[in-house]
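Here the structure comes first, spelled out in structure tokens, and everything after it is commentary.
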Amino acid sequence: MASEKQVKFYNKSDKPDNIVRKEHEIVSKCEEIEAQLPRFLRSFFAYLRGNVLPLSRLAYLGDIKFFCCYLIEETDLTDAEKISDIKLSDFNKIKAIDINLFIDYCRKYTVEKEDETIIYENGSKTLARKKSSLSVMFKQLYRDELLEKNITDGFDPIRVPKASEREIKALQDDEVMIMLDAVSSGTHLTAKERQYWQKTKKRDKAILILFLTYGLRLFELQQLNVSSFNFSRGEFKIYRKRDKEAVMPLNSSVTDVVTDYLENERANDDTLAEAHRDALFLSLQGKRMTERQIRELVKKYTAIGLATSRKAGYSPHKLRATAATSLIGRGNSIFDVQALLDHEQVTTTQLYAGHKINVKRDLVKDMEWELERKEGE
């Protein structure tokens with residue numbers, strides 16, 4: 001069996017190699033799906049490349065592939081036996097009602113495998129994305145005069161709760177302190193968790209402090225390098241969405257925990273494979289931590305802060321929300337917080353300004369009817 005071909009990068013850009021490698025992996029996954037889809041979608045692929053972020057492009061293509069599988073397996077709209085054989089004439093037969101039936105199918109469907117039956121259930125947010133993927137595709141094919149009609153106006157609306165209607169989940173300050181006590185001292189950890197904690201406590205603490213201080217996105221933290229940090233200047237660089245770079249100032253807490261990890265716990269470079277030598281956060285196997293590993297770490301420690309089960313712990317995005325609510329609660333400008341967290345619209349940041357858990361408590365404290373009645377007696 002032939003070994004997998006090695007991919008080498010000759011990086012002439014200002015981006016670190018790991019960022020270039022990550023982008024290449026996403027693009028490769030997109031191209032892999034495109035190769036399975038009908039060739040008449042090439043103009044749509046070109047549209048996605050020029051107008052949609054790579055991760056969104058990957059999600060759109062995944063939705064289109066799933067839709068094509070649905071056409072073959074669940075409808076009589078095509079005689080094709082594999083996705084690539086679906087014809088443009090098949091797409092021209094599709095009506096808006098067929099899309100609405102597909103979205104309804106996606107609410108809950110079953111996949112039979114040899115040894116198990118898997119039931120998939122999707123909420124409104126996922127259904128809305130699938131509808132959006134199909135809308136973009138059908139509109140683009142109509143613009144390119146490949147389809148005779150624009151059927152997207154007949155797609156049923158999907159109501160997705162507005163961000164302001166959803167309860168914002170974030171840790172309160174006292175819960176943050178309990179969490180940081182746990183990662184510092186090992187309290188509330190199981191015996192097995194403590195074995196790992198002894199080897200990774202400085203790394204874990206640095207991860208949590210970075211999330212809490214800057215409200216970093218998961219991929220922003222996961223792609224951090226040792227070379228991202230310039231301690232003499234008191235700053236570090238991150239790579240954000242839409243190819244944006246941002247230089248973040250270091251405060252004393254972040255400087256202390258990161259340098260403590262680098263000097264006293266992180267493996268020496270000469271013991272690491274070349275691809276991982278610059279990675280800031282390493283697994284016990286000496287490789288750059290994956291997003292999944294970081295997510296599980298955060299769930300564990302937030303569960304301790306919340307005094308709940310490990311499964312009910314928060315995701316890294318909830319630590320982003322924690323940073324936002326804490327910064328605004330300390331009286332910082334909403335526009336400054338918007339800039340720090342890289343929100344496209346200030347209205348997104350305003351959602352966190354409205355989430356002031358202690359306001360409700362203070363209001364209720366001022367309405368002590370029974371105490372006031374007794375004092376009046």
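Chain labels run A, B, ... following the order of the structure tokens; each chain numbers its residues from 1, and ligands are numbered from 1 in the order shown.
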Just the helix (DSSP H, G or I) stuff from range 123-287 of chain A, please, per backbone DSSP, written as number ranges by chain.
A: 124-143, 152-154, 163-165, 173-185, 191-214, 218-222, 226-228, 241-243, 252-264, 269-271, 274-276
Restrict the selected residues to C-alpha atoms and save them as a compact mmCIF listing (two decimals), in the first residue's frame.
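Wrote it out as again_20.txt, contents follow:
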```txt
# COMPACT_ATOMS: atom_id res chain seq x y z
CA SER A 124 -33.99 25.85 13.45
CA LYS A 125 -30.48 27.29 13.22
CA THR A 126 -29.15 24.26 11.29
CA LEU A 127 -32.25 24.13 9.07
CA ALA A 128 -31.87 27.83 8.27
CA ARG A 129 -28.27 27.27 7.21
CA LYS A 130 -29.24 24.38 4.94
CA LYS A 131 -31.96 26.54 3.39
CA SER A 132 -29.43 29.36 2.94
CA SER A 133 -26.96 26.99 1.22
CA LEU A 134 -29.62 25.89 -1.26
CA SER A 135 -30.88 29.45 -1.79
CA VAL A 136 -27.40 30.70 -2.68
CA MET A 137 -26.86 27.81 -5.08
CA PHE A 138 -30.21 28.08 -6.90
CA LYS A 139 -29.92 31.87 -7.20
CA GLN A 140 -26.41 31.58 -8.63
CA LEU A 141 -27.45 28.91 -11.16
CA TYR A 142 -30.37 31.12 -12.23
CA ARG A 143 -28.08 34.16 -12.62
CA THR A 152 -36.05 30.57 -4.06
CA ASP A 153 -38.96 32.97 -3.47
CA GLY A 154 -41.12 29.93 -2.75
CA ALA A 163 -29.83 36.65 19.47
CA SER A 164 -31.64 39.00 21.84
CA GLU A 165 -34.27 36.31 22.48
CA ASP A 173 -17.18 36.30 38.46
CA ASP A 174 -17.43 33.98 41.49
CA GLU A 175 -17.73 30.97 39.15
CA VAL A 176 -14.63 32.12 37.27
CA MET A 177 -12.72 32.22 40.55
CA ILE A 178 -13.82 28.69 41.48
CA MET A 179 -12.71 27.49 38.05
CA LEU A 180 -9.30 29.16 38.33
CA ASP A 181 -8.86 27.76 41.86
CA ALA A 182 -9.51 24.29 40.46
CA VAL A 183 -6.93 24.60 37.68
CA SER A 184 -4.40 26.11 40.13
CA SER A 185 -4.81 23.63 43.01
CA ALA A 191 -8.30 10.99 40.86
CA LYS A 192 -7.79 10.24 37.16
CA GLU A 193 -8.13 13.91 36.20
CA ARG A 194 -5.53 14.85 38.81
CA GLN A 195 -3.00 12.51 37.18
CA TYR A 196 -3.25 14.50 33.94
CA TRP A 197 -3.55 17.81 35.79
CA GLN A 198 -0.13 17.27 37.40
CA LYS A 199 1.39 17.30 33.90
CA THR A 200 -0.75 20.02 32.26
CA LYS A 201 -1.92 22.43 34.99
CA LYS A 202 0.22 25.36 33.82
CA ARG A 203 -0.87 24.86 30.20
CA ASP A 204 -4.53 24.56 31.19
CA LYS A 205 -4.38 27.70 33.31
CA ALA A 206 -2.76 29.69 30.50
CA ILE A 207 -5.50 28.57 28.11
CA LEU A 208 -8.30 29.61 30.46
CA ILE A 209 -6.72 32.99 31.26
CA LEU A 210 -6.26 33.79 27.55
CA PHE A 211 -9.90 32.94 26.82
CA LEU A 212 -11.15 34.97 29.78
CA THR A 213 -8.98 38.01 29.13
CA TYR A 214 -9.37 38.47 25.37
CA LEU A 218 -11.39 28.71 19.64
CA PHE A 219 -9.47 28.63 16.35
CA GLU A 220 -7.62 31.84 17.28
CA LEU A 221 -6.29 30.28 20.48
CA GLN A 222 -5.62 26.84 18.95
CA VAL A 226 5.40 30.57 20.74
CA SER A 227 6.62 33.06 18.12
CA SER A 228 3.26 34.87 18.35
CA LYS A 241 -11.47 35.68 10.31
CA ARG A 242 -11.26 37.23 6.84
CA ASP A 243 -7.44 37.11 6.88
CA SER A 252 0.57 40.96 33.95
CA SER A 253 -1.71 37.97 34.55
CA VAL A 254 -1.39 36.68 30.99
CA THR A 255 2.36 37.30 30.91
CA ASP A 256 2.83 35.41 34.20
CA VAL A 257 0.81 32.31 33.27
CA VAL A 258 2.18 32.02 29.72
CA THR A 259 5.83 32.44 30.76
CA ASP A 260 5.32 30.02 33.67
CA TYR A 261 4.00 27.43 31.21
CA LEU A 262 6.78 28.03 28.67
CA GLU A 263 9.59 27.92 31.21
CA ASN A 264 8.37 25.20 33.57
CA ASP A 269 11.74 22.02 21.11
CA ASP A 270 14.42 19.40 20.49
CA THR A 271 11.98 16.67 21.62
CA GLU A 274 9.34 20.08 13.34
CA ALA A 275 5.68 20.73 12.52
CA HIS A 276 4.88 21.27 16.24
```
Would you mind writing down, as JSON, numbers by chain, each residue of range 186-292 of chain A that DSSP on the backbone assigns to strand (DSSP E or B)?
{"A": [225, 229, 230, 235, 236, 237, 238, 239, 245, 246, 247, 248, 249, 279, 282, 288]}
Expected file contents, prior selection, all heavy atoms, as a tab-separated table (two decimals), in the first residue's frame:
```
chain	number	residue	atom	x	y	z
A	225	ASN	N	1.14	30.47	18.39
A	225	ASN	CA	2.50	29.94	18.38
A	225	ASN	C	3.33	30.58	19.49
A	225	ASN	O	2.97	31.65	20.01
A	225	ASN	CB	3.18	30.22	17.05
A	225	ASN	CG	2.51	29.49	15.90
A	225	ASN	OD1	2.10	28.34	16.04
A	225	ASN	ND2	2.39	30.14	14.76
A	229	PHE	N	4.29	35.55	20.46
A	229	PHE	CA	4.45	36.40	21.64
A	229	PHE	C	5.76	37.19	21.58
A	229	PHE	O	6.82	36.62	21.31
A	229	PHE	CB	4.40	35.56	22.91
A	229	PHE	CG	3.02	35.06	23.24
A	229	PHE	CD1	2.46	34.00	22.53
A	229	PHE	CD2	2.27	35.66	24.23
A	229	PHE	CE1	1.19	33.54	22.81
A	229	PHE	CE2	1.00	35.20	24.52
A	229	PHE	CZ	0.45	34.15	23.81
A	230	ASN	N	5.66	38.47	21.85
A	230	ASN	CA	6.82	39.34	21.98
A	230	ASN	C	6.76	39.97	23.38
A	230	ASN	O	6.09	40.99	23.59
A	230	ASN	CB	6.82	40.43	20.90
A	230	ASN	CG	8.11	41.24	20.89
A	230	ASN	OD1	8.71	41.48	21.93
A	230	ASN	ND2	8.53	41.65	19.70
A	235	GLU	N	3.22	42.19	23.91
A	235	GLU	CA	2.12	41.98	22.97
A	235	GLU	C	2.22	40.60	22.33
A	235	GLU	O	3.25	39.93	22.41
A	235	GLU	CB	2.15	43.07	21.88
A	235	GLU	CG	3.40	43.02	21.01
A	235	GLU	CD	3.53	44.20	20.06
A	235	GLU	OE1	3.04	45.29	20.42
A	235	GLU	OE2	4.11	44.01	18.97
A	236	PHE	N	1.12	40.18	21.70
A	236	PHE	CA	1.13	38.95	20.90
A	236	PHE	C	0.18	39.13	19.73
A	236	PHE	O	-0.71	39.97	19.75
A	236	PHE	CB	0.77	37.71	21.74
A	236	PHE	CG	-0.66	37.65	22.22
A	236	PHE	CD1	-1.59	36.82	21.59
A	236	PHE	CD2	-1.08	38.40	23.32
A	236	PHE	CE1	-2.90	36.75	22.04
A	236	PHE	CE2	-2.39	38.32	23.77
A	236	PHE	CZ	-3.30	37.49	23.14
A	237	LYS	N	0.40	38.33	18.69
A	237	LYS	CA	-0.37	38.46	17.45
A	237	LYS	C	-1.31	37.28	17.27
A	237	LYS	O	-0.94	36.14	17.55
A	237	LYS	CB	0.59	38.54	16.25
A	237	LYS	CG	-0.11	38.77	14.90
A	237	LYS	CD	0.87	38.70	13.75
A	237	LYS	CE	1.77	39.92	13.71
A	237	LYS	NZ	2.62	39.93	12.47
A	238	ILE	N	-2.53	37.57	16.82
A	238	ILE	CA	-3.47	36.50	16.49
A	238	ILE	C	-3.97	36.70	15.06
A	238	ILE	O	-3.90	37.80	14.51
A	238	ILE	CB	-4.68	36.47	17.46
A	238	ILE	CG1	-5.44	37.80	17.44
A	238	ILE	CG2	-4.25	36.09	18.85
A	238	ILE	CD1	-6.71	37.77	18.26
A	239	TYR	N	-4.46	35.61	14.48
A	239	TYR	CA	-5.01	35.64	13.12
A	239	TYR	C	-6.50	35.36	13.19
A	239	TYR	O	-6.93	34.34	13.72
A	239	TYR	CB	-4.28	34.61	12.23
A	239	TYR	CG	-2.87	35.03	11.96
A	239	TYR	CD1	-1.85	34.74	12.87
A	239	TYR	CD2	-2.54	35.76	10.82
A	239	TYR	CE1	-0.54	35.16	12.64
A	239	TYR	CE2	-1.24	36.17	10.59
A	239	TYR	CZ	-0.25	35.87	11.50
A	239	TYR	OH	1.04	36.30	11.27
A	245	GLU	N	-5.24	40.27	10.83
A	245	GLU	CA	-4.28	40.11	11.91
A	245	GLU	C	-4.61	41.12	13.00
A	245	GLU	O	-5.08	42.21	12.72
A	245	GLU	CB	-2.85	40.35	11.42
A	245	GLU	CG	-2.37	39.36	10.37
A	245	GLU	CD	-0.95	39.68	9.93
A	245	GLU	OE1	-0.30	40.54	10.58
A	245	GLU	OE2	-0.49	39.08	8.95
A	246	ALA	N	-4.34	40.75	14.24
A	246	ALA	CA	-4.55	41.67	15.36
A	246	ALA	C	-3.42	41.51	16.36
A	246	ALA	O	-3.02	40.39	16.68
A	246	ALA	CB	-5.90	41.41	16.02
A	247	VAL	N	-2.92	42.63	16.84
A	247	VAL	CA	-1.89	42.62	17.88
A	247	VAL	C	-2.58	42.93	19.21
A	247	VAL	O	-3.24	43.96	19.35
A	247	VAL	CB	-0.78	43.65	17.59
A	247	VAL	CG1	0.19	43.72	18.76
A	247	VAL	CG2	-0.06	43.29	16.30
A	248	MET	N	-2.44	42.02	20.17
A	248	MET	CA	-3.11	42.15	21.46
A	248	MET	C	-2.08	42.50	22.54
A	248	MET	O	-0.99	41.90	22.58
A	248	MET	CB	-3.81	40.84	21.83
A	248	MET	CG	-4.65	40.24	20.71
A	248	MET	SD	-6.04	41.29	20.24
A	248	MET	CE	-7.24	40.83	21.49
A	249	PRO	N	-2.40	43.44	23.42
A	249	PRO	CA	-1.48	43.79	24.50
A	249	PRO	C	-1.51	42.74	25.61
A	249	PRO	O	-2.55	42.16	25.91
A	249	PRO	CB	-2.04	45.12	25.02
A	249	PRO	CG	-3.50	45.05	24.71
A	249	PRO	CD	-3.63	44.28	23.44
A	279	ALA	N	4.29	25.47	18.01
A	279	ALA	CA	2.94	25.46	18.59
A	279	ALA	C	3.00	25.86	20.07
A	279	ALA	O	3.82	25.34	20.82
A	279	ALA	CB	2.32	24.08	18.44
A	282	LEU	N	0.61	22.39	23.61
A	282	LEU	CA	0.91	21.03	23.16
A	282	LEU	C	0.13	20.00	23.96
A	282	LEU	O	-0.12	20.19	25.16
A	282	LEU	CB	2.40	20.74	23.31
A	282	LEU	CG	3.37	21.63	22.53
A	282	LEU	CD1	4.80	21.34	22.96
A	282	LEU	CD2	3.20	21.44	21.02
A	288	ARG	N	0.55	19.87	18.50
A	288	ARG	CA	-0.34	21.00	18.71
A	288	ARG	C	-1.70	20.48	19.16
A	288	ARG	O	-2.26	19.56	18.55
A	288	ARG	CB	-0.50	21.80	17.41
A	288	ARG	CG	-1.39	23.05	17.58
A	288	ARG	CD	-1.61	23.77	16.25
A	288	ARG	NE	-0.37	24.32	15.74
A	288	ARG	CZ	0.13	25.52	16.07
A	288	ARG	NH1	-0.53	26.29	16.92
A	288	ARG	NH2	1.27	25.94	15.57
```
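Relative to CA of Ser89 in chain A, CA of Leu41 in chain A is found at 12.6 Å.
Every protein, DNA or RNA residue with an atom at most 9 Å from range 347-349 of chain A, where only C-alpha atoms count and chain neighbours fewer than 5 positions away do not, is listed here: Ala163, Ala324, Ile334, Phe335, Val337, Gln338 and Leu341 of chain A.
Across the model, the gap from CA of Ile99 in chain A to CA of Ile151 in chain A is 9.2 Å.
Nearest residue to Asp278 in chain A among A:Ser326, A:Asn18, A:Asn150, A:Thr308 is A:Asn18, counting only C-alpha atoms.
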